[in-house]
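Colleague: What follows is start.cif; its format and atoms are mmCIF, N, CA and C atoms and all ligand atoms.
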data_data
#
loop_
_atom_site.label_atom_id
_atom_site.label_comp_id
_atom_site.auth_asym_id
_atom_site.auth_seq_id
_atom_site.Cartn_x
_atom_site.Cartn_y
_atom_site.Cartn_z
N MET J 1 -29.46 30.17 -36.53
CA MET J 1 -30.46 31.13 -36.05
C MET J 1 -31.79 30.41 -35.87
N GLN J 2 -32.43 30.64 -34.71
CA GLN J 2 -33.67 29.93 -34.39
C GLN J 2 -34.92 30.68 -34.82
N SER J 3 -34.80 32.01 -34.86
CA SER J 3 -35.98 32.79 -35.25
C SER J 3 -35.54 34.12 -35.84
N LEU J 4 -36.47 34.74 -36.56
CA LEU J 4 -36.23 36.07 -37.12
C LEU J 4 -37.44 36.91 -36.75
N THR J 5 -37.18 38.09 -36.21
CA THR J 5 -38.27 38.95 -35.75
C THR J 5 -38.49 40.10 -36.72
N LEU J 6 -39.74 40.25 -37.12
CA LEU J 6 -40.15 41.32 -38.03
C LEU J 6 -41.29 42.09 -37.38
N THR J 7 -41.44 43.34 -37.75
CA THR J 7 -42.63 44.05 -37.29
C THR J 7 -43.77 43.77 -38.27
N LYS J 8 -44.99 44.03 -37.79
CA LYS J 8 -46.17 43.88 -38.66
C LYS J 8 -46.03 44.78 -39.88
N GLU J 9 -45.48 45.99 -39.68
CA GLU J 9 -45.33 46.94 -40.78
C GLU J 9 -44.36 46.41 -41.84
N GLN J 10 -43.26 45.82 -41.38
CA GLN J 10 -42.30 45.24 -42.33
C GLN J 10 -42.93 44.09 -43.10
N HIS J 11 -43.67 43.26 -42.37
CA HIS J 11 -44.34 42.11 -42.99
C HIS J 11 -45.33 42.60 -44.05
N GLN J 12 -46.12 43.63 -43.70
CA GLN J 12 -47.11 44.17 -44.64
C GLN J 12 -46.43 44.80 -45.85
N LYS J 13 -45.32 45.50 -45.61
CA LYS J 13 -44.60 46.15 -46.70
C LYS J 13 -44.09 45.11 -47.71
N MET J 14 -43.57 44.00 -47.20
CA MET J 14 -43.07 42.95 -48.09
C MET J 14 -44.21 42.30 -48.86
N ILE J 15 -45.34 42.06 -48.17
CA ILE J 15 -46.48 41.45 -48.86
C ILE J 15 -46.97 42.38 -49.97
N ALA J 16 -47.05 43.68 -49.67
CA ALA J 16 -47.51 44.63 -50.69
C ALA J 16 -46.55 44.61 -51.88
N TYR J 17 -45.26 44.52 -51.61
CA TYR J 17 -44.27 44.52 -52.69
C TYR J 17 -44.36 43.23 -53.53
N VAL J 18 -44.36 42.08 -52.87
CA VAL J 18 -44.39 40.83 -53.65
C VAL J 18 -45.71 40.72 -54.42
N ASP J 19 -46.80 41.25 -53.83
CA ASP J 19 -48.08 41.21 -54.52
C ASP J 19 -48.06 42.11 -55.75
N SER J 20 -47.38 43.26 -55.63
CA SER J 20 -47.33 44.20 -56.77
C SER J 20 -46.51 43.63 -57.93
N GLN J 21 -45.58 42.72 -57.63
CA GLN J 21 -44.71 42.15 -58.67
C GLN J 21 -45.27 40.87 -59.27
N ALA J 22 -46.20 40.22 -58.59
CA ALA J 22 -46.77 38.97 -59.09
C ALA J 22 -47.44 39.21 -60.44
N PRO J 23 -47.38 38.26 -61.37
CA PRO J 23 -46.94 36.87 -61.21
C PRO J 23 -45.42 36.67 -61.27
N LEU J 24 -44.64 37.76 -61.35
CA LEU J 24 -43.19 37.58 -61.33
C LEU J 24 -42.73 37.41 -59.88
N GLU J 25 -41.61 36.72 -59.70
CA GLU J 25 -41.02 36.65 -58.37
C GLU J 25 -40.47 38.01 -57.99
N ALA J 26 -40.59 38.33 -56.72
CA ALA J 26 -40.02 39.57 -56.18
C ALA J 26 -38.97 39.19 -55.14
N CYS J 27 -38.03 40.11 -54.88
CA CYS J 27 -36.98 39.79 -53.93
C CYS J 27 -36.50 41.04 -53.20
N GLY J 28 -35.76 40.81 -52.14
CA GLY J 28 -35.23 41.93 -51.39
C GLY J 28 -34.35 41.46 -50.26
N LEU J 29 -33.80 42.45 -49.54
CA LEU J 29 -32.84 42.18 -48.47
C LEU J 29 -33.39 42.70 -47.14
N LEU J 30 -33.02 42.02 -46.06
CA LEU J 30 -33.43 42.41 -44.72
C LEU J 30 -32.20 42.72 -43.90
N ALA J 31 -32.16 43.95 -43.37
CA ALA J 31 -31.01 44.36 -42.57
C ALA J 31 -31.44 44.52 -41.12
N GLY J 32 -30.50 44.29 -40.22
CA GLY J 32 -30.83 44.48 -38.81
C GLY J 32 -29.69 44.06 -37.92
N HIS J 33 -30.06 43.67 -36.72
CA HIS J 33 -29.10 43.22 -35.73
C HIS J 33 -29.55 41.87 -35.19
N ASP J 34 -28.60 40.97 -35.04
CA ASP J 34 -28.89 39.64 -34.51
C ASP J 34 -30.06 39.04 -35.28
N SER J 35 -31.17 38.83 -34.60
CA SER J 35 -32.28 38.18 -35.30
C SER J 35 -33.46 39.14 -35.45
N LYS J 36 -33.17 40.44 -35.43
CA LYS J 36 -34.25 41.41 -35.55
C LYS J 36 -34.06 42.28 -36.79
N VAL J 37 -35.12 42.33 -37.60
CA VAL J 37 -35.06 43.13 -38.83
C VAL J 37 -35.32 44.60 -38.50
N GLU J 38 -34.46 45.47 -39.03
CA GLU J 38 -34.65 46.92 -38.84
C GLU J 38 -35.10 47.59 -40.14
N THR J 39 -34.58 47.11 -41.27
CA THR J 39 -34.85 47.77 -42.55
C THR J 39 -35.09 46.74 -43.64
N VAL J 40 -36.10 47.01 -44.46
CA VAL J 40 -36.43 46.14 -45.60
C VAL J 40 -36.03 46.84 -46.89
N PHE J 41 -35.25 46.18 -47.72
CA PHE J 41 -34.88 46.70 -49.03
C PHE J 41 -35.57 45.89 -50.12
N GLU J 42 -36.34 46.57 -50.93
CA GLU J 42 -36.91 45.91 -52.11
C GLU J 42 -35.86 45.99 -53.21
N VAL J 43 -35.60 44.89 -53.88
CA VAL J 43 -34.59 44.85 -54.94
C VAL J 43 -35.26 44.32 -56.21
N THR J 44 -34.97 44.96 -57.33
CA THR J 44 -35.55 44.53 -58.61
C THR J 44 -35.09 43.11 -58.96
N ASN J 45 -36.04 42.29 -59.37
CA ASN J 45 -35.70 40.95 -59.86
C ASN J 45 -35.27 41.08 -61.32
N GLN J 46 -33.96 41.03 -61.53
CA GLN J 46 -33.42 41.22 -62.87
C GLN J 46 -33.87 40.10 -63.82
N ALA J 47 -34.18 38.94 -63.27
CA ALA J 47 -34.60 37.82 -64.11
C ALA J 47 -36.01 38.03 -64.66
N GLN J 48 -36.81 38.88 -64.00
CA GLN J 48 -38.20 39.13 -64.43
C GLN J 48 -38.88 37.81 -64.78
N SER J 49 -38.82 36.89 -63.83
CA SER J 49 -39.31 35.54 -64.07
C SER J 49 -40.33 35.15 -63.01
N PRO J 50 -41.32 34.33 -63.37
CA PRO J 50 -42.26 33.85 -62.37
C PRO J 50 -41.72 32.69 -61.53
N VAL J 51 -40.56 32.17 -61.91
CA VAL J 51 -40.05 30.99 -61.20
C VAL J 51 -38.64 31.14 -60.65
N ARG J 52 -38.02 32.30 -60.86
CA ARG J 52 -36.72 32.49 -60.22
C ARG J 52 -36.42 33.98 -60.06
N PHE J 53 -35.41 34.26 -59.24
CA PHE J 53 -35.03 35.65 -59.06
C PHE J 53 -33.52 35.79 -59.14
N VAL J 54 -33.10 36.93 -59.69
CA VAL J 54 -31.70 37.34 -59.70
C VAL J 54 -31.72 38.81 -59.28
N MET J 55 -31.09 39.10 -58.15
CA MET J 55 -31.13 40.49 -57.69
C MET J 55 -30.35 41.41 -58.62
N ASP J 56 -30.93 42.57 -58.89
CA ASP J 56 -30.21 43.59 -59.65
C ASP J 56 -28.91 43.87 -58.89
N PRO J 57 -27.74 43.67 -59.54
CA PRO J 57 -26.48 43.74 -58.79
C PRO J 57 -26.15 45.12 -58.25
N ILE J 58 -26.55 46.17 -58.95
CA ILE J 58 -26.26 47.53 -58.47
C ILE J 58 -27.10 47.84 -57.23
N GLU J 59 -28.39 47.50 -57.32
CA GLU J 59 -29.27 47.74 -56.16
C GLU J 59 -28.80 46.92 -54.96
N GLN J 60 -28.38 45.70 -55.24
CA GLN J 60 -27.92 44.82 -54.15
C GLN J 60 -26.67 45.41 -53.51
N LEU J 61 -25.75 45.87 -54.34
CA LEU J 61 -24.51 46.46 -53.83
C LEU J 61 -24.80 47.72 -53.02
N ASN J 62 -25.67 48.57 -53.54
CA ASN J 62 -26.03 49.79 -52.82
C ASN J 62 -26.63 49.47 -51.46
N ALA J 63 -27.50 48.47 -51.43
CA ALA J 63 -28.13 48.10 -50.15
C ALA J 63 -27.09 47.56 -49.19
N LEU J 64 -26.19 46.72 -49.68
CA LEU J 64 -25.17 46.14 -48.79
C LEU J 64 -24.23 47.22 -48.26
N GLU J 65 -23.92 48.21 -49.09
CA GLU J 65 -23.08 49.32 -48.62
C GLU J 65 -23.81 50.15 -47.56
N TRP J 66 -25.11 50.37 -47.79
CA TRP J 66 -25.90 51.12 -46.80
C TRP J 66 -25.92 50.37 -45.46
N ILE J 67 -26.13 49.06 -45.55
CA ILE J 67 -26.18 48.22 -44.34
C ILE J 67 -24.87 48.34 -43.57
N ASP J 68 -23.77 48.26 -44.32
CA ASP J 68 -22.45 48.32 -43.71
C ASP J 68 -22.22 49.68 -43.06
N SER J 69 -22.56 50.75 -43.77
CA SER J 69 -22.26 52.08 -43.24
C SER J 69 -23.21 52.47 -42.12
N ASN J 70 -24.30 51.71 -41.93
CA ASN J 70 -25.21 51.98 -40.81
C ASN J 70 -25.04 50.96 -39.68
N ASP J 71 -23.90 50.28 -39.70
CA ASP J 71 -23.58 49.31 -38.64
C ASP J 71 -24.66 48.26 -38.43
N MET J 72 -25.23 47.84 -39.52
CA MET J 72 -26.18 46.73 -39.44
C MET J 72 -25.57 45.53 -40.15
N ASP J 73 -26.27 44.42 -40.03
CA ASP J 73 -25.86 43.21 -40.74
C ASP J 73 -26.98 42.80 -41.71
N LEU J 74 -26.58 42.07 -42.73
CA LEU J 74 -27.58 41.42 -43.58
C LEU J 74 -28.10 40.24 -42.76
N VAL J 75 -29.39 40.26 -42.41
CA VAL J 75 -29.94 39.18 -41.59
C VAL J 75 -30.88 38.27 -42.37
N GLY J 76 -31.35 38.76 -43.54
CA GLY J 76 -32.27 37.92 -44.30
C GLY J 76 -32.35 38.32 -45.76
N ILE J 77 -32.83 37.39 -46.55
CA ILE J 77 -33.13 37.64 -47.96
C ILE J 77 -34.54 37.12 -48.19
N PHE J 78 -35.39 37.97 -48.76
CA PHE J 78 -36.74 37.47 -49.02
C PHE J 78 -37.00 37.39 -50.52
N HIS J 79 -37.87 36.46 -50.89
CA HIS J 79 -38.36 36.42 -52.26
C HIS J 79 -39.70 35.71 -52.26
N SER J 80 -40.38 35.80 -53.40
CA SER J 80 -41.73 35.25 -53.45
C SER J 80 -41.81 34.05 -54.39
N HIS J 81 -42.79 33.23 -54.08
CA HIS J 81 -43.18 32.11 -54.94
C HIS J 81 -44.65 32.35 -55.29
N PRO J 82 -44.90 33.13 -56.36
CA PRO J 82 -46.29 33.50 -56.66
C PRO J 82 -47.21 32.31 -56.91
N THR J 83 -46.65 31.20 -57.35
CA THR J 83 -47.49 30.03 -57.56
C THR J 83 -47.01 28.86 -56.70
N GLY J 84 -46.43 29.17 -55.56
CA GLY J 84 -45.91 28.14 -54.68
C GLY J 84 -44.55 27.68 -55.14
N PRO J 85 -43.92 26.72 -54.49
CA PRO J 85 -44.36 26.06 -53.26
C PRO J 85 -44.09 26.92 -52.02
N GLU J 86 -44.63 26.45 -50.90
CA GLU J 86 -44.47 27.17 -49.63
C GLU J 86 -43.14 26.83 -48.97
N THR J 87 -42.23 26.32 -49.72
CA THR J 87 -40.94 25.93 -49.14
C THR J 87 -39.83 26.31 -50.11
N VAL J 88 -38.60 26.03 -49.74
CA VAL J 88 -37.50 26.37 -50.64
C VAL J 88 -37.51 25.43 -51.85
N SER J 89 -37.11 25.99 -52.99
CA SER J 89 -37.04 25.20 -54.21
C SER J 89 -35.61 24.66 -54.35
N PRO J 90 -35.42 23.67 -55.22
CA PRO J 90 -34.05 23.18 -55.46
C PRO J 90 -33.12 24.31 -55.91
N THR J 91 -33.65 25.27 -56.69
CA THR J 91 -32.84 26.41 -57.12
C THR J 91 -32.44 27.27 -55.92
N ASP J 92 -33.39 27.49 -55.00
CA ASP J 92 -33.07 28.28 -53.81
C ASP J 92 -31.92 27.63 -53.04
N ILE J 93 -31.97 26.33 -52.92
CA ILE J 93 -30.92 25.62 -52.17
C ILE J 93 -29.59 25.74 -52.91
N ALA J 94 -29.64 25.57 -54.23
CA ALA J 94 -28.40 25.61 -55.02
C ALA J 94 -27.77 27.00 -55.01
N GLU J 95 -28.62 28.05 -54.95
CA GLU J 95 -28.10 29.41 -55.10
C GLU J 95 -27.95 30.15 -53.77
N ALA J 96 -28.23 29.48 -52.66
CA ALA J 96 -28.12 30.15 -51.35
C ALA J 96 -26.65 30.44 -51.06
N ALA J 97 -26.28 31.72 -51.10
CA ALA J 97 -24.87 32.09 -50.98
C ALA J 97 -24.54 32.77 -49.65
N TYR J 98 -25.57 33.13 -48.88
CA TYR J 98 -25.33 33.88 -47.65
C TYR J 98 -25.83 33.10 -46.44
N ALA J 99 -25.14 33.29 -45.32
CA ALA J 99 -25.55 32.67 -44.05
C ALA J 99 -26.58 33.57 -43.38
N VAL J 100 -27.76 33.62 -43.97
CA VAL J 100 -28.84 34.47 -43.47
C VAL J 100 -30.14 33.68 -43.55
N VAL J 101 -31.20 34.24 -42.99
CA VAL J 101 -32.51 33.58 -43.08
C VAL J 101 -33.13 33.89 -44.44
N TYR J 102 -33.58 32.86 -45.12
CA TYR J 102 -34.28 33.03 -46.40
C TYR J 102 -35.78 33.03 -46.12
N VAL J 103 -36.40 34.16 -46.38
CA VAL J 103 -37.84 34.29 -46.13
C VAL J 103 -38.56 34.14 -47.47
N ILE J 104 -39.47 33.20 -47.50
CA ILE J 104 -40.22 32.93 -48.73
C ILE J 104 -41.69 33.27 -48.54
N PHE J 105 -42.18 34.13 -49.43
CA PHE J 105 -43.60 34.47 -49.45
C PHE J 105 -44.23 33.63 -50.56
N ALA J 106 -45.10 32.72 -50.16
CA ALA J 106 -45.78 31.88 -51.15
C ALA J 106 -47.25 32.27 -51.19
N ARG J 107 -47.78 32.34 -52.41
CA ARG J 107 -49.19 32.67 -52.56
C ARG J 107 -49.98 31.38 -52.69
N VAL J 108 -50.79 31.13 -51.70
CA VAL J 108 -51.60 29.92 -51.67
C VAL J 108 -53.05 30.35 -51.47
N ASP J 109 -53.91 29.93 -52.38
CA ASP J 109 -55.33 30.32 -52.31
C ASP J 109 -55.49 31.84 -52.18
N ASN J 110 -54.67 32.58 -52.97
CA ASN J 110 -54.73 34.05 -53.00
C ASN J 110 -54.30 34.73 -51.71
N THR J 111 -53.66 34.00 -50.81
CA THR J 111 -53.15 34.59 -49.58
C THR J 111 -51.64 34.38 -49.53
N TRP J 112 -50.91 35.45 -49.19
CA TRP J 112 -49.46 35.32 -49.07
C TRP J 112 -49.10 34.83 -47.68
N ARG J 113 -48.29 33.79 -47.63
CA ARG J 113 -47.82 33.26 -46.36
C ARG J 113 -46.30 33.29 -46.36
N ALA J 114 -45.73 33.70 -45.25
CA ALA J 114 -44.28 33.80 -45.14
C ALA J 114 -43.73 32.69 -44.25
N ARG J 115 -42.63 32.11 -44.69
CA ARG J 115 -41.90 31.13 -43.86
C ARG J 115 -40.42 31.43 -43.97
N GLY J 116 -39.69 31.11 -42.92
CA GLY J 116 -38.25 31.36 -42.91
C GLY J 116 -37.47 30.06 -42.93
N PHE J 117 -36.31 30.12 -43.60
CA PHE J 117 -35.48 28.92 -43.71
C PHE J 117 -34.01 29.28 -43.56
N TRP J 118 -33.28 28.35 -43.03
CA TRP J 118 -31.84 28.43 -42.96
C TRP J 118 -31.33 27.40 -43.97
N ILE J 119 -30.48 27.85 -44.90
CA ILE J 119 -30.00 26.93 -45.94
C ILE J 119 -28.48 26.88 -45.87
N LYS J 120 -27.95 25.70 -45.72
CA LYS J 120 -26.50 25.58 -45.68
C LYS J 120 -26.07 24.24 -46.24
N ASP J 121 -25.08 24.30 -47.11
CA ASP J 121 -24.49 23.09 -47.67
C ASP J 121 -25.54 22.12 -48.22
N GLY J 122 -26.53 22.68 -48.90
CA GLY J 122 -27.50 21.82 -49.57
C GLY J 122 -28.61 21.29 -48.70
N VAL J 123 -28.64 21.67 -47.44
CA VAL J 123 -29.75 21.24 -46.59
C VAL J 123 -30.41 22.48 -45.98
N TYR J 124 -31.68 22.34 -45.63
CA TYR J 124 -32.38 23.49 -45.06
C TYR J 124 -33.21 23.07 -43.85
N SER J 125 -33.45 24.05 -42.99
CA SER J 125 -34.31 23.82 -41.84
C SER J 125 -35.17 25.06 -41.65
N GLU J 126 -36.30 24.89 -41.00
CA GLU J 126 -37.20 26.02 -40.85
C GLU J 126 -36.77 26.92 -39.69
N VAL J 127 -36.91 28.21 -39.90
CA VAL J 127 -36.62 29.23 -38.89
C VAL J 127 -37.96 29.92 -38.58
N ALA J 128 -38.30 30.02 -37.32
CA ALA J 128 -39.58 30.66 -36.97
C ALA J 128 -39.54 32.14 -37.27
N LEU J 129 -40.60 32.65 -37.86
CA LEU J 129 -40.74 34.09 -38.08
C LEU J 129 -41.64 34.65 -36.99
N GLN J 130 -41.11 35.59 -36.22
CA GLN J 130 -41.89 36.23 -35.17
C GLN J 130 -42.33 37.58 -35.71
N ILE J 131 -43.63 37.76 -35.81
CA ILE J 131 -44.15 39.03 -36.32
C ILE J 131 -44.78 39.76 -35.15
N ILE J 132 -44.17 40.92 -34.81
CA ILE J 132 -44.59 41.60 -33.58
C ILE J 132 -45.23 42.96 -33.90
ZN ZN J 201 -37.47 30.43 -54.40
#
So that I can check it, write out the structure of this file as structure tokens.
Modeller:
Amino acid sequence: MQSLTLTKEQHQKMIAYVDSQAPLEACGLLAGHDSKVETVFEVTNQAQSPVRFVMDPIEQLNALEWIDSNDMDLVGIFHSHPTGPETVSPTDIAEAAYAVVYVIFARVDNTWRARGFWIKDGVYSEVALQII
């Protein structure tokens, strides 16, 4: 996937959520079609950690079932790095289990910045985020 398209409202909603959870990492799922996000799911970070996330399995399952029954696909997974880095961590690479865009919100100088990545077989590449 070369790019992922989000609306300004979706982008703002995710920033508000990750900001509300900081200094803990926050996470969630992005559903849609092809490379366009239609719905943002906020998921509780069961790890309650500032340096890693584990999605609450019930919330994750409920969201995946909703996505399936609404004829959408899982197109992305987002999480935050409240203290950086602005890129994927070794843990992110090791734990990337889905062929979707990983969106990382990193807080740098008190501003949240989002970047997208494709992670496969231990390597990653950047995916452009189009915010419309
Ligand atoms: Zn991470």
Colleague: Considering all atoms listed in the file, tabulate each residue of segment 18-55 of chain J that lies at most 6.5 Å from segment 77-83 of chain J along with its nearest interatomic pair and the corresponding distance in Å to one decimal; arrange the rows by chain and ascending residue number and present them as JSON lines.
Modeller:
{"residue": "J:Val18", "atom": "CA", "partner": "J:Ser80", "partner_atom": "CA", "distance": 6.2}
{"residue": "J:Ala22", "atom": "CA", "partner": "J:Pro82", "partner_atom": "CA", "distance": 6.0}
{"residue": "J:Pro23", "atom": "C", "partner": "J:Pro82", "partner_atom": "CA", "distance": 5.7}
{"residue": "J:Leu24", "atom": "C", "partner": "J:Pro82", "partner_atom": "N", "distance": 6.0}
{"residue": "J:Glu25", "atom": "CA", "partner": "J:Ser80", "partner_atom": "C", "distance": 4.8}
{"residue": "J:Ala26", "atom": "C", "partner": "J:His79", "partner_atom": "CA", "distance": 4.0}
{"residue": "J:Cys27", "atom": "CA", "partner": "J:His79", "partner_atom": "CA", "distance": 4.0}
{"residue": "J:Gly28", "atom": "C", "partner": "J:Phe78", "partner_atom": "N", "distance": 3.9}
{"residue": "J:Leu29", "atom": "CA", "partner": "J:Ile77", "partner_atom": "CA", "distance": 4.6}
{"residue": "J:Leu30", "atom": "N", "partner": "J:Ile77", "partner_atom": "N", "distance": 4.7}
{"residue": "J:Pro50", "atom": "C", "partner": "J:Pro82", "partner_atom": "N", "distance": 6.1}
Colleague: Mind pulling up the distance from atom CA of Asp19 of chain J to atom N of Thr111 of chain J?
Modeller: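 Spanning atom N of Thr111 of chain J to atom CA of Asp19 of chain J is a straight-line distance of 9.8 Å.
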Colleague: Quick one: pull the distance between atom CA of Thr91 of chain J and atom N of Gln48 of chain J, Å, one decimal.
Modeller: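 Atom CA of Thr91 of chain J sits 14.8 Å away from atom N of Gln48 of chain J.
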Colleague: In Å, rounded to a single decimal, give me how far atom N of Glu59 of chain J is from atom N of Val43 of chain J.
Modeller: 8.4 Å
Colleague: Measuring atom to atom with all atoms listed in the file, identify which of J:Gly84, J:Ser69, J:Ala114, J:Val101 is nearest to Leu4 of chain J.
Modeller: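 Of J:Gly84, J:Ser69, J:Ala114, J:Val101, the one nearest Leu4 of chain J, counting all atoms listed in the file, is J:Val101.
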Colleague: Against segment 124-130 of chain J, which residues of segment 22-77 of chain J fall within 12 Å? For each one I want the closest pair of atoms and the distance in Å (one decimal), counting only C-alpha atoms, rows by chain and increasing residue number, as CSV.
Modeller:
residue,atom,partner,partner_atom,distance
J:Ser35,CA,J:Leu129,CA,9.8
J:Lys36,CA,J:Gln130,CA,9.2
J:Val37,CA,J:Gln130,CA,10.4
J:Gly76,CA,J:Val127,CA,11.1
Colleague: Could the residues that lie within 6 Å of ligand ZN 201 (chain J), counting only C-alpha atoms and all ligand atoms, be listed as a ChimeraX atom specification?
Modeller: /J:81,88-89,92
Colleague: Considering only C-alpha atoms, return as number ranges by chain whatever protein or nucleic-acid residues lie within 9 Å of Gln10 of chain J, sequence-local ones (same chain, fewer than 2 positions apart) excluded.
Modeller: J: 6-8, 12-15, 37-40, 131
Colleague: Please, which residues of chain J, numbered as in this document, come out alpha helix (DSSP H) from DSSP, as an MDAnalysis selection string?
Modeller: chainID J and resid 8:21 57:69 90:95
Colleague: Just list as a ChimeraX atom specification whatever in segment 7-130 of chain J DSSP marks as strand (DSSP E or B).
Modeller: /J:27-33,36-43,45,55,73-82,84,101-108,111-120,123-130
Colleague: Taking 5 positions as the minimum chain separation for residues in the same chain, which residues sit within 7 Å of Asp56 of chain J when counting only C-alpha atoms? Answer as a list in words.
Modeller: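 Final neighbour list, sorted by chain and number: Val43, Thr44, Asn45 and Gln46 of chain J.
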Colleague: Measuring between only C-alpha atoms, which one of J:Ile132, J:Val100, J:Ser20, J:Lys120 shows the shortest distance to Leu74 of chain J?
Modeller: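 Among J:Ile132, J:Val100, J:Ser20, J:Lys120, it is J:Val100 that comes nearest to Leu74 of chain J.
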Colleague: How big is the axis-aligned box, and where does its centre sit, when it encloses all atoms of segment 112-124 of chain J listed in the file and has 3 Å added on every side, reported in Å to one decimal as AutoDock Vina command-line options?
Modeller:
--center_x -37.7 --center_y 28.3 --center_z -46.2 --size_x 32.4 --size_y 20.2 --size_z 12.7
